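K.L.:
Here you go, work_25.pdb (PDB, C-alpha atoms, pLDDT in the B column):
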MODEL        1
ATOM      1  CA  ASP A  11       0.000   0.000   0.000  1.00 37.00           C
ATOM      2  CA  TRP A  12       1.335   3.423  -0.903  1.00 46.00           C
ATOM      3  CA  VAL A  13       0.111   4.942   2.356  1.00 49.00           C
ATOM      4  CA  GLY A  14       2.540   2.789   4.309  1.00 49.00           C
ATOM      5  CA  GLY A  15       0.157   1.790   7.085  1.00 58.00           C
ATOM      6  CA  ARG A  16      -1.617   5.151   7.286  1.00 65.00           C
ATOM      7  CA  GLY A  17      -5.313   5.320   7.848  1.00 69.00           C
ATOM      8  CA  GLN A  18      -7.944   3.558   9.877  1.00 71.00           C
ATOM      9  CA  ASP A  19     -10.327   0.782   8.937  1.00 71.00           C
ATOM     10  CA  LEU A  20     -13.683   2.515   9.334  1.00 65.00           C
ATOM     11  CA  THR A  21     -15.669   0.102   7.165  1.00 58.00           C
ATOM     12  CA  THR A  22     -18.215  -0.633   9.885  1.00 55.00           C
ATOM     13  CA  PRO A  23     -19.065   2.804  11.315  1.00 57.00           C
ATOM     14  CA  VAL A  24     -18.876   4.900   8.130  1.00 73.00           C
ATOM     15  CA  ALA A  25     -21.066   3.750   5.268  1.00 76.00           C
ATOM     16  CA  PHE A  26     -22.256   6.200   2.619  1.00 81.00           C
ATOM     17  CA  GLY A  27     -24.087   6.334  -0.668  1.00 81.00           C
ATOM     18  CA  PRO A  28     -24.894   8.861  -3.407  1.00 82.00           C
ATOM     19  CA  GLU A  29     -27.634  10.460  -1.293  1.00 84.00           C
ATOM     20  CA  ASP A  30     -25.035  11.536   1.317  1.00 85.00           C
ATOM     21  CA  CYS A  31     -22.949  13.615  -1.106  1.00 86.00           C
ATOM     22  CA  ARG A  32     -23.398  16.804  -3.085  1.00 86.00           C
ATOM     23  CA  GLU A  33     -21.789  14.948  -5.994  1.00 88.00           C
ATOM     24  CA  LEU A  34     -20.532  11.398  -6.342  1.00 86.00           C
ATOM     25  CA  ARG A  35     -18.556  10.608  -9.480  1.00 89.00           C
ATOM     26  CA  ILE A  36     -17.966   6.923 -10.118  1.00 87.00           C
ATOM     27  CA  GLY A  37     -15.350   5.533 -12.466  1.00 88.00           C
ATOM     28  CA  PHE A  38     -15.310   1.817 -13.158  1.00 84.00           C
ATOM     29  CA  ASP A  39     -12.793   0.212 -15.502  1.00 84.00           C
ATOM     30  CA  ALA A  40     -12.158  -3.523 -15.413  1.00 82.00           C
ATOM     31  CA  GLN A  41      -9.890  -3.532 -18.464  1.00 85.00           C
ATOM     32  CA  ALA A  42      -6.676  -3.995 -16.479  1.00 84.00           C
ATOM     33  CA  LEU A  43      -8.286  -6.143 -13.773  1.00 87.00           C
ATOM     34  CA  ALA A  44      -6.473  -9.372 -12.960  1.00 89.00           C
ATOM     35  CA  THR A  45      -8.192 -12.211 -11.114  1.00 88.00           C
ATOM     36  CA  HIS A  46      -5.079 -14.383 -11.065  1.00 92.00           C
ATOM     37  CA  GLY A  47      -1.388 -13.577 -10.736  1.00 92.00           C
ATOM     38  CA  VAL A  48       1.268 -15.742 -12.342  1.00 91.00           C
ATOM     39  CA  GLY A  49       4.748 -15.323 -10.876  1.00 89.00           C
ATOM     40  CA  ILE A  50       7.503 -16.586 -13.149  1.00 88.00           C
ATOM     41  CA  GLY A  51      10.884 -16.915 -11.487  1.00 86.00           C
ATOM     42  CA  ALA A  52      14.459 -17.093 -12.657  1.00 80.00           C
ATOM     43  CA  ASP A  53      15.648 -20.250 -14.439  1.00 76.00           C
ATOM     44  CA  PRO A  54      19.008 -21.204 -12.918  1.00 66.00           C
ATOM     45  CA  ASP A  55      18.932 -24.787 -14.179  1.00 68.00           C
ATOM     46  CA  GLY A  56      18.004 -24.161 -17.804  1.00 64.00           C
ATOM     47  CA  PRO A  57      16.225 -27.314 -19.020  1.00 63.00           C
ATOM     48  CA  CYS A  58      13.880 -27.591 -15.991  1.00 68.00           C
ATOM     49  CA  GLY A  59      12.200 -24.290 -16.778  1.00 67.00           C
ATOM     50  CA  PRO A  60      11.537 -21.383 -14.429  1.00 72.00           C
ATOM     51  CA  ALA A  61       9.597 -21.697 -11.190  1.00 77.00           C
ATOM     52  CA  VAL A  62       5.930 -20.745 -11.651  1.00 86.00           C
ATOM     53  CA  VAL A  63       3.383 -19.798  -9.010  1.00 89.00           C
ATOM     54  CA  VAL A  64      -0.292 -19.112  -9.782  1.00 92.00           C
ATOM     55  CA  ARG A  65      -2.341 -17.181  -7.207  1.00 92.00           C
ATOM     56  CA  SER A  66      -6.022 -16.237  -7.281  1.00 92.00           C
ATOM     57  CA  GLY A  67      -7.451 -13.008  -5.915  1.00 87.00           C
ATOM     58  CA  ALA A  68     -10.659 -12.195  -4.072  1.00 83.00           C
ATOM     59  CA  LEU A  69     -12.414 -11.291  -7.352  1.00 83.00           C
ATOM     60  CA  ALA A  70     -11.665 -14.642  -9.026  1.00 87.00           C
ATOM     61  CA  GLY A  71     -15.185 -15.882  -8.334  1.00 85.00           C
ATOM     62  CA  THR A  72     -16.819 -12.707  -9.672  1.00 82.00           C
ATOM     63  CA  TYR A  73     -15.043 -12.097 -12.993  1.00 84.00           C
ATOM     64  CA  LEU A  74     -13.847 -14.349 -15.784  1.00 88.00           C
ATOM     65  CA  ARG A  75     -10.239 -15.427 -15.409  1.00 90.00           C
ATOM     66  CA  ARG A  76      -7.721 -12.731 -16.291  1.00 91.00           C
ATOM     67  CA  ASP A  77      -4.044 -13.386 -15.624  1.00 92.00           C
ATOM     68  CA  ALA A  78      -1.315 -10.902 -14.828  1.00 91.00           C
ATOM     69  CA  VAL A  79       2.172 -12.276 -15.399  1.00 90.00           C
ATOM     70  CA  VAL A  80       4.974 -11.050 -13.143  1.00 90.00           C
ATOM     71  CA  ASP A  81       8.640 -11.711 -13.943  1.00 87.00           C
ATOM     72  CA  VAL A  82      10.735 -12.117 -10.802  1.00 85.00           C
ATOM     73  CA  ASP A  83      14.546 -12.386 -10.614  1.00 85.00           C
ATOM     74  CA  THR A  84      14.421 -15.183  -8.067  1.00 82.00           C
ATOM     75  CA  SER A  85      13.016 -18.685  -7.840  1.00 81.00           C
ATOM     76  CA  ASP A  86      12.005 -18.313  -4.159  1.00 85.00           C
ATOM     77  CA  ALA A  87       8.366 -19.466  -3.876  1.00 86.00           C
ATOM     78  CA  GLY A  88       7.556 -16.944  -1.138  1.00 90.00           C
ATOM     79  CA  GLU A  89       8.786 -14.027  -3.252  1.00 90.00           C
ATOM     80  CA  LEU A  90       6.886 -15.290  -6.297  1.00 89.00           C
ATOM     81  CA  GLN A  91       3.676 -15.540  -4.259  1.00 92.00           C
ATOM     82  CA  ALA A  92       4.133 -12.076  -2.748  1.00 92.00           C
ATOM     83  CA  ARG A  93       4.740 -10.440  -6.128  1.00 92.00           C
ATOM     84  CA  ALA A  94       1.775 -12.221  -7.751  1.00 92.00           C
ATOM     85  CA  ASP A  95      -0.501 -11.232  -4.830  1.00 91.00           C
ATOM     86  CA  HIS A  96       0.711  -7.622  -5.042  1.00 90.00           C
ATOM     87  CA  GLU A  97      -0.034  -7.412  -8.770  1.00 90.00           C
ATOM     88  CA  ILE A  98      -3.546  -8.803  -8.240  1.00 90.00           C
ATOM     89  CA  ALA A  99      -4.209  -6.267  -5.454  1.00 87.00           C
ATOM     90  CA  VAL A 100      -2.949  -3.266  -7.446  1.00 86.00           C
ATOM     91  CA  ARG A 101      -5.077  -4.153 -10.454  1.00 86.00           C
ATOM     92  CA  ALA A 102      -8.147  -4.877  -8.309  1.00 83.00           C
ATOM     93  CA  ARG A 103      -7.937  -1.495  -6.556  1.00 81.00           C
ATOM     94  CA  ALA A 104      -7.597   0.384  -9.841  1.00 81.00           C
ATOM     95  CA  ARG A 105     -10.936  -0.921 -11.179  1.00 84.00           C
ATOM     96  CA  LEU A 106     -13.031   1.493  -9.092  1.00 85.00           C
ATOM     97  CA  ARG A 107     -12.521   5.215  -8.453  1.00 88.00           C
ATOM     98  CA  LEU A 108     -14.934   7.390  -6.505  1.00 88.00           C
ATOM     99  CA  GLU A 109     -14.871  11.129  -6.051  1.00 90.00           C
ATOM    100  CA  ALA A 110     -17.258  12.353  -3.355  1.00 88.00           C
ATOM    101  CA  VAL A 111     -17.950  16.075  -2.904  1.00 89.00           C
ATOM    102  CA  VAL A 112     -19.594  17.175   0.340  1.00 88.00           C
ATOM    103  CA  GLU A 113     -20.405  20.584   1.803  1.00 83.00           C
ATOM    104  CA  GLU A 114     -19.091  21.708   5.148  1.00 79.00           C
ATOM    105  CA  THR A 115     -22.662  22.367   6.307  1.00 80.00           C
ATOM    106  CA  HIS A 116     -24.093  19.077   4.975  1.00 82.00           C
ATOM    107  CA  ASP A 117     -21.845  16.085   5.580  1.00 82.00           C
ATOM    108  CA  PRO A 118     -24.055  13.552   7.381  1.00 79.00           C
ATOM    109  CA  LYS A 119     -21.475  10.751   7.258  1.00 82.00           C
ATOM    110  CA  GLY A 120     -18.368  12.775   8.126  1.00 83.00           C
ATOM    111  CA  LEU A 121     -16.550  12.213   4.823  1.00 85.00           C
ATOM    112  CA  ALA A 122     -14.683  15.534   5.131  1.00 84.00           C
ATOM    113  CA  ALA A 123     -12.932  14.227   8.247  1.00 84.00           C
ATOM    114  CA  LEU A 124     -11.496  11.155   6.511  1.00 86.00           C
ATOM    115  CA  GLY A 125      -7.725  10.943   6.208  1.00 86.00           C
ATOM    116  CA  LEU A 126      -5.451   9.325   3.660  1.00 87.00           C
ATOM    117  CA  GLY A 127      -5.632   5.556   3.835  1.00 86.00           C
ATOM    118  CA  ASP A 128      -8.916   5.416   5.769  1.00 87.00           C
ATOM    119  CA  ARG A 129     -11.241   2.630   4.621  1.00 87.00           C
ATOM    120  CA  VAL A 130     -14.994   3.106   4.441  1.00 86.00           C
ATOM    121  CA  THR A 131     -17.938   1.338   2.855  1.00 86.00           C
ATOM    122  CA  CYS A 132     -19.814   2.799  -0.114  1.00 85.00           C
ATOM    123  CA  ASP A 133     -23.262   1.614  -1.180  1.00 83.00           C
ATOM    124  CA  LEU A 134     -23.067   1.550  -4.983  1.00 80.00           C
ATOM    125  CA  PRO A 135     -25.577   0.402  -7.600  1.00 78.00           C
ATOM    126  CA  ALA A 136     -25.615  -3.373  -8.148  1.00 77.00           C
ATOM    127  CA  VAL A 137     -24.155  -2.983 -11.654  1.00 73.00           C
ATOM    128  CA  LEU A 138     -20.945  -1.653 -10.009  1.00 73.00           C
ATOM    129  CA  GLY A 139     -20.738  -4.451  -7.482  1.00 72.00           C
ATOM    130  CA  GLY A 140     -23.106  -3.153  -4.788  1.00 78.00           C
ATOM    131  CA  THR A 141     -21.565  -2.401  -1.403  1.00 81.00           C
ATOM    132  CA  GLN A 142     -17.805  -1.872  -1.776  1.00 82.00           C
ATOM    133  CA  SER A 143     -14.973  -1.235   0.652  1.00 84.00           C
ATOM    134  CA  VAL A 144     -12.966   1.787  -0.544  1.00 87.00           C
ATOM    135  CA  ARG A 145      -9.791   3.546   0.609  1.00 87.00           C
ATOM    136  CA  VAL A 146      -9.117   7.306   0.631  1.00 89.00           C
ATOM    137  CA  ILE A 147      -6.258   8.219  -1.724  1.00 89.00           C
ATOM    138  CA  SER A 148      -6.709  11.995  -2.046  1.00 90.00           C
ATOM    139  CA  ARG A 149      -8.567  14.864  -0.399  1.00 88.00           C
ATOM    140  CA  ALA A 150      -8.979  18.531  -1.234  1.00 87.00           C
ATOM    141  CA  VAL A 151     -10.953  21.551  -0.048  1.00 84.00           C
ATOM    142  CA  SER A 152     -12.286  24.492  -2.075  1.00 83.00           C
ATOM    143  CA  LEU A 153     -13.681  27.842  -0.959  1.00 73.00           C
ATOM    144  CA  GLU A 154     -16.297  28.416  -3.620  1.00 66.00           C
ATOM    145  CA  ASP A 155     -19.931  29.477  -3.292  1.00 59.00           C
ATOM    146  CA  ARG A 156     -19.652  32.327  -0.769  1.00 63.00           C
ATOM    147  CA  ALA A 157     -16.971  30.777   1.432  1.00 64.00           C
ATOM    148  CA  ILE A 158     -18.756  27.469   1.975  1.00 67.00           C
ATOM    149  CA  HIS A 159     -16.154  24.747   2.130  1.00 77.00           C
ATOM    150  CA  HIS A 160     -16.528  21.899  -0.333  1.00 82.00           C
ATOM    151  CA  PHE A 161     -14.498  18.822   0.455  1.00 85.00           C
ATOM    152  CA  THR A 162     -13.531  16.431  -2.328  1.00 87.00           C
ATOM    153  CA  VAL A 163     -12.479  12.959  -1.228  1.00 87.00           C
ATOM    154  CA  GLU A 164     -11.094  10.575  -3.851  1.00 86.00           C
ATOM    155  CA  MET A 165     -11.232   6.847  -3.140  1.00 86.00           C
ATOM    156  CA  GLU A 166     -10.297   3.582  -4.826  1.00 85.00           C
ATOM    157  CA  ALA A 167     -11.399   0.008  -4.224  1.00 84.00           C
ATOM    158  CA  ALA A 168      -9.790  -1.312  -1.057  1.00 80.00           C
ATOM    159  CA  SER A 169      -9.271  -4.812  -2.424  1.00 68.00           C
TER
ENDMDL
END
Could you render the structure as structure tokens?

P.N.:
Amino acid sequence: DWVGGRGQDLTTPVAFGPEDCRELRIGFDAQALATHGVGIGADPDGPCGPAVVVRSGALAGTYLRRDAVVDVDTSDAGELQARADHEIAVRARARLRLEAVVEETHDPKGLAALGLGDRVTCDLPAVLGGTQSVRVISRAVSLEDRAIHHFTVEMEAAS
């Protein structure tokens, strides 16, 4: 995770939907999504072929199989698994982006108080997967509309 352990897991107490925001922009792109990671290691012995590890992600049961191949400079099984799992996670998070805009005077769920790395639950339409756990990756504030603060919180899928 790029936040390096920052943030709190608030998935239970903070759940929000489109009705709780001034604006909620949803971006969904499954083009680069990977359901399985294939780690291919170094081939020190030549004729035996490189070590291969295949890992499945949490979305493997939801989407058709899509592999992401990761080349690793080692044949250590633990390293191959870690790199394959990391690639699956990065591609899974990138499939969903949310941008929620709330007003300082109307923020019933407290989205403006979220910090980088915090995880919350968003109630999305069923076509976008329904209820999703998301992680805050950016936040901004603007002073438009007669000095009313508007907070913009950008989130991505948490897994």

K.L.:
Which is closest to Thr72 (chain A) among A:Ala150, A:Gly49, A:Ala44, A:Asp30, if we use all atoms listed in the file?

P.N.:
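Among the listed residues, A:Ala44 lies closest to Thr72 (chain A).
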
K.L.:
Calculate how many Å separate CA of Ala102 (chain A) from CA of Val151 (chain A), rounding to one decimal.

P.N.:
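So the answer is 27.8 Å.
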
K.L.:
Neighbouring residues of region 163-169 of chain A were defined as those with any atom within 7 Å, considering only C-alpha atoms; residues of the same chain fewer than 6 positions away were excluded. Please report them as a list in words.

P.N.:
Ala99, Ala102, Arg103, Ala104, Leu106, Arg107, Leu108, Glu109, Ala110, Val111, Ser143, Val144, Arg145, Val146, Ile147, Ser148, Arg149 and Ala150 of chain A

K.L.:
Any chance you could resolve the PyMOL selection byres ((chain A and resi 76) around 10) against this file and give the residues as a compact mmCIF listing (two decimals) with C-alpha atoms, in the frame of the given file?

P.N.:
# COMPACT_ATOMS: atom_id res chain seq x y z
CA GLN A 41 -9.89 -3.53 -18.46
CA ALA A 42 -6.68 -4.00 -16.48
CA LEU A 43 -8.29 -6.14 -13.77
CA ALA A 44 -6.47 -9.37 -12.96
CA THR A 45 -8.19 -12.21 -11.11
CA HIS A 46 -5.08 -14.38 -11.06
CA GLY A 47 -1.39 -13.58 -10.74
CA SER A 66 -6.02 -16.24 -7.28
CA ALA A 70 -11.66 -14.64 -9.03
CA TYR A 73 -15.04 -12.10 -12.99
CA LEU A 74 -13.85 -14.35 -15.78
CA ARG A 75 -10.24 -15.43 -15.41
CA ASP A 77 -4.04 -13.39 -15.62
CA ALA A 78 -1.32 -10.90 -14.83
CA VAL A 79 2.17 -12.28 -15.40
CA ILE A 98 -3.55 -8.80 -8.24

K.L.:
For the structure shown, which residues end up in the PyMOL selection byres ((chain A and resi 85) around 12)? Put them as a list in words, please?

P.N.:
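Output from the PyMOL selection byres ((chain A and resi 85) around 12), applied to this file: Gly49, Ile50, Gly51, Ala52, Asp53, Pro54, Asp55, Gly59, Pro60, Ala61, Val62, Val63, Asp81, Val82, Asp83, Thr84, Asp86, Ala87, Gly88, Glu89, Leu90, Gln91 and Arg93 of chain A.
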
K.L.:
Taking into account all atoms listed in the file, which residue in the set A:Leu153, A:Val80, A:Val64, A:Val24 is nearest to Leu121 (chain A)?

P.N.:
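Looking only at the distances to Leu121 (chain A), the closest residue turns out to be A:Val24.
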
K.L.:
Just give me the gap between CA of Arg129 (chain A) and CA of Val48 (chain A) in Å, one decimal is fine.

P.N.:
28.0 Å

K.L.:
Could you check how far CA of Asp128 (chain A) sits from CA of Thr141 (chain A), in Å to one decimal?

P.N.:
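The value is 16.5 Å.
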
K.L.:
Closest to Ala40 (chain A) among A:Leu126, A:Leu134, A:Ala92, A:Leu69, using only C-alpha atoms?

P.N.:
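Answer, going by the shortest atom-to-atom distance: A:Leu69.
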
K.L.:
Could you list the residues chosen by the PyMOL selection byres ((chain A and resi 25) around 6) in this structure as a ChimeraX atom specification?

P.N.:
/A:24,26,131-132

K.L.:
Considering all atoms listed in the file, can you say which of A:Glu29, A:Phe38, A:Asp19, A:Ser152 comes closest to Glu113 (chain A)?

P.N.:
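Answer, going by the shortest atom-to-atom distance: A:Ser152.
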
K.L.:
Here is a test: counting all atoms listed in the file, which residue of A:Arg105, A:His159, A:Arg65, A:Asp117 is nearest to Ile36 (chain A)?

P.N.:
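For Ile36 (chain A), the nearest of the given residues is A:Arg105.
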